[in-house]
file target_39.txt (compact mmCIF, C-alpha atoms)
# COMPACT_ATOMS: atom_id res chain seq x y z
CA MET A 1 50.22 63.98 258.91
CA ALA A 2 47.41 62.53 256.84
CA HIS A 3 44.85 64.08 259.17
CA LEU A 4 45.98 67.64 258.30
CA PRO A 5 45.75 69.51 254.99
CA VAL A 6 49.06 70.42 253.38
CA GLU A 7 48.67 74.14 254.14
CA GLU A 8 48.48 73.40 257.86
CA LEU A 9 51.50 71.12 257.59
CA ARG A 10 53.46 73.95 255.97
CA ALA A 11 52.39 76.37 258.71
CA GLN A 12 53.61 73.98 261.40
CA MET A 13 57.05 73.49 259.88
CA ARG A 14 60.01 75.78 260.50
CA PRO A 15 61.39 77.62 257.45
CA ALA A 16 64.04 75.72 255.57
CA GLY A 17 67.48 76.64 256.77
CA ALA A 18 66.30 78.02 260.09
CA LEU A 19 68.29 76.47 262.87
CA GLN A 20 66.59 75.32 266.00
CA ARG A 21 68.72 76.06 269.01
CA ILE A 22 69.07 73.11 271.38
CA GLU A 23 69.99 74.03 274.90
CA PRO A 24 72.47 71.67 276.59
CA SER A 25 71.22 70.04 279.74
CA LEU A 26 72.57 71.88 282.75
CA PRO A 27 72.34 71.07 286.43
CA ALA A 28 69.39 72.75 288.07
CA ARG A 29 70.20 76.21 289.46
CA THR A 30 69.02 77.35 292.84
CA ARG A 31 65.83 79.35 292.75
CA GLY A 32 67.54 82.50 294.04
CA THR A 33 70.21 82.52 291.32
CA GLY A 34 67.67 81.90 288.56
CA ASP A 35 65.39 84.66 289.83
CA LEU A 36 68.25 87.18 290.06
CA ARG A 37 69.51 86.36 286.59
CA SER A 38 66.00 86.60 285.13
CA TRP A 39 65.46 89.93 286.85
CA VAL A 40 68.72 91.33 285.45
CA GLU A 41 67.82 90.04 281.96
CA LYS A 42 64.47 91.86 282.07
CA SER A 43 65.73 95.03 283.78
CA SER A 44 66.88 98.19 282.02
CA LEU A 45 70.34 97.99 283.57
CA PRO A 46 72.96 98.28 280.80
CA PRO A 47 75.14 95.17 280.48
CA GLY A 48 78.24 97.29 279.91
CA GLY A 49 77.64 99.20 283.14
CA LEU A 50 77.18 95.98 285.11
CA LEU A 51 80.32 94.50 283.60
CA VAL A 52 82.53 97.55 284.21
CA GLY A 53 81.05 98.23 287.66
CA GLY A 54 81.51 94.63 288.77
CA ILE A 55 85.11 94.45 287.59
CA GLY A 56 85.84 97.84 289.17
CA LEU A 57 84.39 96.80 292.50
CA GLY A 58 86.34 93.56 292.47
CA LEU A 59 89.60 95.37 291.65
CA VAL A 60 89.02 97.92 294.42
CA GLY A 61 88.46 95.14 296.93
CA LEU A 62 91.55 93.30 295.73
CA GLY A 63 93.65 96.47 295.83
CA LEU A 64 92.55 97.38 299.35
CA GLY A 65 93.19 93.85 300.50
CA LEU A 66 96.75 94.02 299.21
CA ALA A 67 97.46 97.57 300.44
CA LEU A 68 96.02 97.43 303.95
CA PRO A 69 96.82 95.07 306.77
CA LEU A 70 94.34 92.26 306.89
CA THR A 71 92.25 91.45 309.92
CA LEU A 72 89.26 89.15 310.11
CA GLY A 73 86.88 92.06 309.46
CA THR A 74 88.83 93.67 306.59
CA ALA A 75 89.46 90.31 304.92
CA THR A 76 85.74 89.57 305.02
CA LEU A 77 84.91 93.03 303.65
CA PHE A 78 87.46 93.01 300.83
CA GLY A 79 86.75 89.39 299.96
CA GLY A 80 83.05 90.23 299.80
CA MET A 81 83.79 93.14 297.45
CA VAL A 82 85.74 90.85 295.11
CA THR A 83 83.02 88.17 295.21
CA PHE A 84 80.14 90.61 294.74
CA GLY A 85 81.98 92.46 291.98
CA GLY A 86 82.65 89.20 290.17
CA GLY A 87 78.98 88.23 290.41
CA VAL A 88 77.83 91.60 289.03
CA ALA A 89 80.36 91.34 286.18
CA PHE A 90 79.11 87.82 285.39
CA LEU A 91 75.50 89.02 285.22
CA GLY A 92 76.52 91.87 282.92
CA ALA A 93 78.42 89.53 280.61
CA SER A 94 75.48 87.10 280.58
CA LYS A 95 73.03 89.87 279.68
CA ARG A 96 75.30 91.14 276.90
CA LYS A 97 75.61 87.62 275.47
CA SER A 98 71.81 87.20 275.49
CA GLN A 99 71.34 90.55 273.70
CA LEU A 100 73.92 89.64 271.04
CA GLU A 101 72.28 86.27 270.42
CA ALA A 102 68.85 87.91 270.10
CA ALA A 103 70.22 90.50 267.65
CA ARG A 104 71.96 87.78 265.63
CA ALA A 105 68.76 85.74 265.43
CA GLN A 106 66.80 88.75 264.15
CA ALA A 107 69.49 89.53 261.57
CA LEU A 108 69.40 86.06 259.99
CA PRO A 109 68.68 86.26 256.24
CA PRO A 110 65.33 84.92 255.06
CA ALA A 111 65.20 81.27 254.19
CA PRO A 112 66.13 80.61 250.57
CA THR A 113 63.23 79.80 248.27
CA VAL A 114 63.17 76.50 246.41
CA SER A 115 64.40 76.70 242.84
CA PRO A 116 61.62 76.45 240.20
CA VAL A 117 63.72 73.79 238.46
CA VAL A 118 63.77 71.69 241.63
CA LEU A 119 60.02 72.17 242.14
CA ALA A 120 59.35 71.18 238.53
CA GLU A 121 61.38 67.98 238.89
CA ARG A 122 59.70 67.12 242.17
CA GLY A 123 56.31 67.77 240.59
CA ARG A 124 57.17 65.48 237.68
CA ARG A 125 57.98 62.65 240.09
CA VAL A 126 54.81 63.16 242.13
CA ARG A 127 52.72 63.21 238.95
CA GLY A 128 54.36 60.03 237.69
CA TRP A 129 53.55 58.25 240.94
CA LEU A 130 50.00 59.58 241.32
CA GLN A 131 49.00 58.87 237.72
CA GLU A 132 49.31 55.15 238.43
CA ARG A 133 47.00 55.34 241.45
CA ARG A 134 43.57 56.69 242.27
CA GLN A 135 44.77 58.66 245.28
CA ALA A 136 47.39 58.65 248.04
CA THR A 137 47.89 60.05 251.53
CA PHE A 138 50.81 62.23 252.55
CA GLU A 139 52.50 59.28 254.31
CA GLU A 140 52.12 57.05 251.25
CA LEU A 141 53.72 59.67 249.04
CA ALA A 142 56.55 60.34 251.50
CA GLN A 143 57.29 56.63 251.87
CA ALA A 144 57.20 55.95 248.15
CA LEU A 145 59.32 58.94 247.13
CA ARG A 146 61.65 58.80 250.18
CA TRP A 147 61.62 62.58 250.58
CA THR A 148 61.78 64.73 253.66
CA GLU A 149 58.45 65.98 254.98
CA SER A 150 59.34 69.61 254.17
CA ALA A 151 60.24 68.76 250.55
CA LEU A 152 56.94 66.94 250.01
CA VAL A 153 54.93 69.71 251.68
CA GLU A 154 56.55 72.36 249.45
CA THR A 155 55.89 70.27 246.35
CA LEU A 156 52.25 69.49 247.18
CA VAL A 157 51.51 73.12 248.03
CA HIS A 158 53.04 74.23 244.73
CA MET A 159 51.15 71.60 242.73
CA LYS A 160 47.90 72.39 244.50
CA GLU A 161 48.27 76.11 243.79
CA ALA A 162 49.11 75.31 240.16
CA GLY A 163 45.93 73.26 239.81
CA VAL A 164 47.78 70.03 239.08
CA VAL A 165 46.87 68.12 242.23
CA GLU A 166 43.64 68.22 244.18
CA GLU A 167 43.46 67.72 247.92
CA ASP A 168 40.38 66.05 249.35
CA LEU A 169 39.23 64.76 252.71
CA ASP A 170 38.38 61.06 252.64
CA LEU A 171 35.26 60.92 254.83
CA ASP A 172 35.64 57.19 255.41
CA THR A 173 39.13 57.42 256.92
CA GLY A 174 39.28 61.06 257.99
CA GLN A 175 42.56 61.45 256.09
CA TRP A 176 43.54 64.02 253.49
CA VAL A 177 44.31 62.41 250.14
CA TYR A 178 45.90 63.71 246.96
CA ARG A 179 45.06 62.83 243.41
CA MET A 180 45.70 64.22 239.97
CA GLN A 181 43.31 67.02 239.05
CA SER A 182 40.19 65.48 237.55
CA ALA A 183 38.96 66.17 234.02
CA THR A 184 42.49 66.66 232.69
CA GLU A 185 44.66 64.44 230.60
CA THR A 186 48.30 63.79 231.17
CA GLY A 187 50.40 66.12 229.10
CA THR A 188 47.72 68.71 228.54
CA ALA A 189 48.33 72.32 229.56
CA ALA A 190 46.11 72.01 232.64
CA SER A 191 48.13 69.09 234.03
CA LEU A 192 51.47 70.85 233.69
CA MET A 193 53.19 72.73 236.48
CA LEU A 194 52.82 76.51 236.34
CA SER A 195 56.47 76.98 235.40
CA GLU A 196 56.12 74.40 232.60
CA ARG A 197 52.97 76.12 231.26
CA ASP A 198 54.79 79.46 231.21
CA ALA A 199 57.71 77.89 229.36
CA ARG A 200 55.34 76.31 226.82
CA ASN A 201 53.42 79.54 226.26
CA GLY A 202 56.62 81.60 226.13

call {"tool": "encode", "arguments": {"input": "target_39.txt", "output": "structure tokens"}}
result
Amino acid sequence: MAHLPVEELRAQMRPAGALQRIEPSLPARTRGTGDLRSWVEKSSLPPGGLLVGGIGLGLVGLGLGLALPLTLGTATLFGGMVTFGGGVAFLGASKRKSQLEAARAQALPPAPTVSPVVLAERGRRVRGWLQERRQATFEELAQALRWTESALVETLVHMKEAGVVEEDLDLDTGQWVYRMQSATETGTAASLMLSERDARNG
């Protein structure tokens, strides 16, 4: 963390509230099944057509098997129709499920922004800690404040953009460090968060 500037840390993190889907571990499929399923997923075949067609074929095979006398050949034929129809219906249902999940993921609302009140309070705590020290790395701040990485990244980005904190690369250690903006005094307008300056001027 300390070897990356805070803007790059923010770019690497997922938006707050975005859920990362974790796939359950499944037994390995045979290559043929995986290839067929992938081909159906990428094809232009409509999932509804596959589903209805597969069920229809299976029902026809079942109906013929019940209506006609069974021999070894007809049993194999009708049983194959039921099996093949069930497989086609399964592929159609799987493709429809994938399309619904993709549409649901695209329709997710944007991640909520952090409240200015929360950012101001976080900034106050970071300022209080940094004012007692010459500088600190990201890890030192995170350990001292006991915040999540995303909360600290949001706060440091906001403070940096507001001109309260300066980010600098320590050439001796190769780590990015943060310190209070130089040539300002605590409590002056330049050392206040942007929201606090607006409130003071308003």

call {"tool": "atom_distance", "arguments": {"input": "target_39.txt", "atom1": "CA of Ser44 in chain A", "atom2": "CA of Ala93 in chain A"}}
result
14.5 Å

call {"tool": "closest_residue", "arguments": {"input": "target_39.txt", "among": "A:Val114, A:Gln99, A:Met159, A:Asp172", "to": "Lys42 in chain A", "atoms": "only C-alpha atoms"}}
result
A:Gln99

call {"tool": "closest_residue", "arguments": {"input": "target_39.txt", "among": "A:Met81, A:Val157, A:Leu152, A:Met180", "to": "Gly63 in chain A", "atoms": "only C-alpha atoms"}}
result
A:Met81

call {"tool": "atom_distance", "arguments": {"input": "target_39.txt", "atom1": "CA of Leu4 in chain A", "atom2": "CA of Trp147 in chain A"}}
result
18.2 Å

call {"tool": "residues_around", "arguments": {"input": "target_39.txt", "residues": "Leu156 in chain A", "least_positions_apart": "5", "cutoff": "10 Å", "atoms": "only C-alpha atoms", "output": "VMD selection string"}}
result
chain A and resid 6 to 7 10 119 122 to 123 126 138 150 to 151 161 to 162 164 to 167 178

call {"tool": "write_last_selection", "arguments": {"input": "target_39.txt", "atoms": "C-alpha atoms", "output": "PDB file, in the frame of the given file"}}
result
ATOM      1  CA  VAL A   6      49.060  70.420 253.380  1.00  0.00           C
ATOM      2  CA  GLU A   7      48.670  74.140 254.140  1.00  0.00           C
ATOM      3  CA  ARG A  10      53.460  73.950 255.970  1.00  0.00           C
ATOM      4  CA  LEU A 119      60.020  72.170 242.140  1.00  0.00           C
ATOM      5  CA  ARG A 122      59.700  67.120 242.170  1.00  0.00           C
ATOM      6  CA  GLY A 123      56.310  67.770 240.590  1.00  0.00           C
ATOM      7  CA  VAL A 126      54.810  63.160 242.130  1.00  0.00           C
ATOM      8  CA  PHE A 138      50.810  62.230 252.550  1.00  0.00           C
ATOM      9  CA  SER A 150      59.340  69.610 254.170  1.00  0.00           C
ATOM     10  CA  ALA A 151      60.240  68.760 250.550  1.00  0.00           C
ATOM     11  CA  GLU A 161      48.270  76.110 243.790  1.00  0.00           C
ATOM     12  CA  ALA A 162      49.110  75.310 240.160  1.00  0.00           C
ATOM     13  CA  VAL A 164      47.780  70.030 239.080  1.00  0.00           C
ATOM     14  CA  VAL A 165      46.870  68.120 242.230  1.00  0.00           C
ATOM     15  CA  GLU A 166      43.640  68.220 244.180  1.00  0.00           C
ATOM     16  CA  GLU A 167      43.460  67.720 247.920  1.00  0.00           C
ATOM     17  CA  TYR A 178      45.900  63.710 246.960  1.00  0.00           C
TER      18      TYR A 178
END

call {"tool": "closest_residue", "arguments": {"input": "target_39.txt", "among": "A:Gly53, A:Pro69, A:Gly174, A:Pro116", "to": "Gly85 in chain A", "atoms": "only C-alpha atoms"}}
result
A:Gly53

call {"tool": "residues_around", "arguments": {"input": "target_39.txt", "residues": "Leu91 in chain A", "least_positions_apart": "2", "cutoff": "9 Å", "atoms": "all atoms listed in the file", "output": "list in words"}}
result
Leu36, Arg37, Val40, Glu41, Pro47, Leu50, Leu51, Gly54, Gly86, Gly87, Val88, Ala89, Ala93, Ser94, Lys95 and Arg96 of chain A

call {"tool": "atom_distance", "arguments": {"input": "target_39.txt", "atom1": "CA of Asp170 in chain A", "atom2": "CA of Ala120 in chain A"}}
result
27.2 Å

call {"tool": "closest_residue", "arguments": {"input": "target_39.txt", "among": "A:Ser43, A:Phe78, A:Leu57, A:Thr155", "to": "Val117 in chain A", "atoms": "only C-alpha atoms"}}
result
A:Thr155

call {"tool": "closest_residue", "arguments": {"input": "target_39.txt", "among": "A:Val177, A:Val153, A:Ala105, A:Ala75", "to": "Ala136 in chain A", "atoms": "all atoms listed in the file"}}
result
A:Val177

call {"tool": "closest_residue", "arguments": {"input": "target_39.txt", "among": "A:Arg125, A:Ala102, A:Ala67, A:Thr74", "to": "Arg146 in chain A", "atoms": "all atoms listed in the file"}}
result
A:Arg125
